[in-house]
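A.B. asks: Quick one: structure below, then a few questions.
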Number of protein chains: 2
Amino acid sequence: MRIFVLNTGSELLLGDVRDAHLSFIAQQILELGLLVSEQRTVGDGSAIGTTLAAIFPQADLVFVTGGLGPTSDDITRDLVAELLGLSLERDQEVFAAINERLSFRRIGVTESIQRQAQVPHGAQVLPNRFGTAPGLFLRAGISPAIPSPHLFLLPGPPRELQPMFTEFVMSLLRKIVRPADIVRRLYKIANMGESVVETRVGAKLLAISGLEVGYCARPGEVDLRLVGRQEIVDQGEKIVLESLGRFIFTQGTETIEEKIVESLIRAKRSLVIAESCTGGLLANRVTDVPGASEIFLAGYVTYSNDAKNDILGVDKDLIARLGAVSVEVAEAMADGARKRAGAFYALSTTGIAGPAGGSAEKPVGTVFVALSSANSATTTKKFFFPTDRGTFKQMVAQAAFEMLRTAIGEL
Amino acid sequence: MRIFVLNTGSELLLGDVRDAHLSFIAQQILELGLLVSEQRTVGDGSAIGTTLAAIFPQADLVFVTGGLGPTSDDITRDLVAELLGLSLERDQEVFAAINERLSFRRIGVTESIQRQAQVPHGAQVLPNRFGTAPGLFLRAGISPAIPSPHLFLLPGPPRELQPMFTEFVMSLLRKIVRPADIVRRLYKIANMGESVVETRVGAKLLAISGLEVGYCARPGEVDLRLVGRQEIVDQGEKIVLESLGRFIFTQGTETIEEKIVESLIRAKRSLVIAESCTGGLLANRVTDVPGASEIFLAGYVTYSNDAKNDILGVDKDLIARLGAVSVEVAEAMADGARKRAGAFYALSTTGIAGPAGGSAEKPVGTVFVALSSANSATTTKKFFFPTDRGTFKQMVAQAAFEMLRTAIGEL
């Protein structure tokens with residue numbers, strides 16, 4: 001099955017916004033054994049029609065995102081109706097839903113908002129629980145004018161598209177497609193380089209015929225991916241687990257913080273975080289996980305030395321003598337945070353994110369991460385991540401989470 | 001000038017990673033008046049060659065990202081050399097740079113890493129300061145085999161591509177292209193809905209012929225965009241500034257936290273942040289800004305009620321009587337944080353992010369944001385953002401930052 005994703009919107013080509021749809025749609029349809037063949041982005045306007053006309057003969061299924069909203073640049077609905085030779089008709093149910101939604105949020109109904117109730121003849125409406133623009137499904141062969149594949153028109157905002165996809169698009173897809181026997185497995189490893197991962201498993205995996213192997217490196221994380229027929233992927237998985245087993249934090253799509261929160265809830269152990277150079281990133285990532293409040297007590301972003309002393313009780317003389325970026329201060333931060341919050345575990349970070357603040361002895365990228373726990377001695381590790389500020393923060397977070405994950409696992 | 005961006009990598013089509021290149025490249029080349037016509041994503045493998053062959057006749061300039069690294073799925077270099085009929089030769093300078101870089105990071109040089117020193121005959125090397133794979137520039141007409149446009153091959157990791165682009169690609173582009181007279185202006189507004197923004201300016205802007213108007217809605221932010229010839233955009237800007245002036249936090253590409261850090265440094269005023277429902281997001285965003293340490297003293301992520309009492313001195317009875325999500329607690333958090341850190345400004349957030357924790361009186365999405373300052377009374381605002389957890393956190397952050405921005409502006 002040849003599947004295309006077409007993202008529309010000048011804001012994408014102008015660089016004002018980053019696409020989030022391809023990755024979401026790809027992950028969803030993979031559950032049905034479906035793979036995206038190609039993705040394209042075009043601007044608002046006539047390019048949508050030209051590109052669809054070019055894609056149609058090559059495609060069995062097309063997802064179009066964006067251009068369904070109320071503003072004047074939202075013309076996907078009109079262009080598709082024109083291309084397929086279908087008339088637009090007001091859908092009374094959609095119209096009522098729009099009115100109800102807007103009155104709940106106390107917003108007036110304008111003429112432009114009402115355009116969203118126009119539906120191409122024969123199209124199926126996909127309700128939008130988080131916005132006014134409904135999605136549309138136009139089955140293959142719907143057009144009296146030209147041959148067309150299955151076509152989904154979906155709203156641009158991810159918070160509208162995503163629930164619509166899981167609730168309505170997936171069940172329609174299950175009716176349309178035959179399940180394929182392609183499987184995809186993912187193995188996520190924190191705080192290990194891409195080339196180190198490949199050295200451990202690369203040659204052995206390459207030797208398996210019919211196995212597609214992929215590596216995706218992100219700051220502080222490598223995602224190793226195997227794609228192929230079930231029995232082929234099983235062969236590959238054996239090698240991966242033998243060589244990398246204990247370093248793999250998930251074989252699913254979860255983040256390392258999701259695994260940590262899940263483990264802590266199961267073990268009924270609480271966490272506090274004391275951050276300097278990561279500036280709240282660790283706390284933010286932990287609290288992105290629903291249910292985090294069950295185990296996460298507090299985060300202390302002690303950016304200034306005064307705050308390290310005031311909140312965490314780190315000795316001012318210690319900071320003056322050894323510097324805030326030191327083994328001893330990292331340890332004192334973790335211990336201080338753990339005692340203050342009465343938590344089982346405490347993580348701390350202190351380092352030099354840059355661009356300024358480095359020295360010959362402690363260059364930009366130097367960082368200490370400490371883990372204090374109620375049942376074993378405090379451990380501190382030194383890392384060196386000479387990179388940009390954002391990547392540095394992410395790499396430190398991954399290293400810290402991996403230390404905690406290992407400690408929980410050793411229970 | 002017809003410009004294409006081609007992203008390669010099965011990890012993109014499988015949804016394991018989101019593209020960051022299109023937005024970056026688009027923003028960069030817009031400085032030269034250049035617009036991306038179309039973007040495509042294909043997997044690793046032969047699709048790269050087929051797609052390039054299809055794009056070449058339509059394009060004057062093509063950026064290819066990804067597939068230059070050391071692993072077995074990195075074959076862009078080879079496919080392009082084959083397509084253009086160019087031999088691959090080892091570049092001694094690149095080879096030496098790879099060896100030096102790896103020895104600095106104490107990593108061994110494998111055969112696969114050395115492949116990255118292979119350069120198509122006649123191509124210009126673009127140094128990579130943050131990785132081993134260099135970029136390549138192949139000028140239009142370089143191929144003895146087929147007509148080809150200007151072609152840039154760039155590494156996949158954003159932390160490698162981005163510095164390479166600003167340092168080397170931009171200066172090459174300045175030699176290749178004639179400056180165009182298209183300008184793009186951006187106006188970013190926090191904590192106001194897309195349809196509210198359009199109601200204020202939409203009809204008037206639409207009446208200007210030759211002006212392209214775009215709206216990009218993100219959580220808690222609308223980016224309004226005008227594109228067109230200089231004098232046309234100037235007409236549009238007049239309308240935008242008259243109707244939305246004081247709500248616009250930047251006419252550049254900065255984030256609202258960048259504007260805030262910049263203003264606070266200029267005013268020599270310090271900031272502390274006390275967060276409950278946003279869980280460290282505000283502190284994290286503020287500390288993403290280089291130089292934040294000059295004005296940011298501390299962040300207290302007081303997730304538990306105990307922490308609100310212990311760190312911020314919020315009265316336990318107050319929490320028991322009115323609930324942690326209340327005007328009074330928000331206010332006490334901000335005041336307590338400001339006094340504790342000795343800061344000029346304090347922001348606090350307390351709300352119900354969901355999915356659990358809502359009630360009839362205070363449903364999921366309810367949130368209070370307070371601003372305490374050294375020179376005026378503490379103000380608290382109530383918001384209602386009934387959405388998913390991640391969007392909720394971002395919307396609260398935008399609302400809080402907008403309160404602070406307005407307060408600083410009123411000085």
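The way I read the labels, and the way they are meant: chains A, B, ... in the order of the structure tokens, residue 1 as the first residue of every chain, and ligand 1 as the first ligand shown, with later ones counted on from there.
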Quick check for you: according to DSSP on this backbone, which residues of stretch 136-236 of chain B are classed as alpha helix (DSSP H)? Reply as a ChimeraX atom specification.
C.D. replies: /B:158-164,170-176,194-206,230-236
A.B. asks: Only residues of chain A matter here; which ones have an atom within 7 Å of chain B, counting only C-alpha atoms? Give them as a PyMOL selection string.
C.D. replies: chain A and resi 11-18+20+22-24+26-27+35-42+73+214+216+279-281+283-284+287-288+290+293+297-304+307+355+390
A.B. asks: Ranking A:Val119, A:Val325, A:Ala330, A:Ala400 by minimum distance to A:Pro363 and counting only C-alpha atoms, which one comes first?
C.D. replies: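 Result for the nearest residue to A:Pro363: A:Val325.
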A.B. asks: B:Thr8, B:Ser326, B:Asn99, B:Thr76: which is nearest B:Ser348, counting only C-alpha atoms?
C.D. replies: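 The closest residue to B:Ser348 is B:Ser326.
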A.B. asks: Select, from B:Ala399, B:Leu271, B:Leu264, B:Ile256, the residue with the minimum atom-to-atom distance to B:Lys339, counting only C-alpha atoms.
C.D. replies: B:Leu271
A.B. asks: Residues of stretch 232-367 of chain A classed as strand (DSSP E) by DSSP on the backbone are to be reported as an NGL selection string.
C.D. replies: :A and (248-250 or 271-275 or 296-302 or 345-351 or 366-367)
A.B. asks: Those residues with C-alpha atoms, as an mmCIF file, in the first residue's frame please?
C.D. replies:
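File out.cif, as written:
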data_model
loop_
_atom_site.group_PDB
_atom_site.id
_atom_site.type_symbol
_atom_site.label_atom_id
_atom_site.label_comp_id
_atom_site.auth_asym_id
_atom_site.auth_seq_id
_atom_site.Cartn_x
_atom_site.Cartn_y
_atom_site.Cartn_z
ATOM 1 C CA ILE A 248 17.897 -0.486 26.832
ATOM 2 C CA PHE A 249 15.450 1.579 28.838
ATOM 3 C CA THR A 250 12.448 0.713 26.703
ATOM 4 C CA LEU A 271 11.803 11.759 43.945
ATOM 5 C CA VAL A 272 13.120 15.278 44.392
ATOM 6 C CA ILE A 273 15.328 17.105 41.900
ATOM 7 C CA ALA A 274 17.907 19.836 42.494
ATOM 8 C CA GLU A 275 19.075 21.503 39.311
ATOM 9 C CA PHE A 296 7.504 13.780 42.461
ATOM 10 C CA LEU A 297 7.665 15.955 45.572
ATOM 11 C CA ALA A 298 9.541 19.033 44.460
ATOM 12 C CA GLY A 299 12.174 20.500 42.171
ATOM 13 C CA TYR A 300 14.658 23.097 43.281
ATOM 14 C CA VAL A 301 16.189 25.120 40.468
ATOM 15 C CA THR A 302 19.023 26.586 42.509
ATOM 16 C CA TYR A 345 15.767 9.592 45.655
ATOM 17 C CA ALA A 346 17.334 12.925 44.776
ATOM 18 C CA LEU A 347 19.059 13.849 41.519
ATOM 19 C CA SER A 348 21.237 16.929 41.185
ATOM 20 C CA THR A 349 22.999 18.640 38.282
ATOM 21 C CA THR A 350 25.675 21.322 38.280
ATOM 22 C CA GLY A 351 27.706 22.252 35.217
ATOM 23 C CA THR A 366 31.685 20.109 32.075
ATOM 24 C CA VAL A 367 28.961 18.780 34.355
#
A.B. asks: When you draw a straight line from atom CA of A:Gln58 to atom CA of A:Gln118, how long is it in Å?
C.D. replies: 28.3 Å
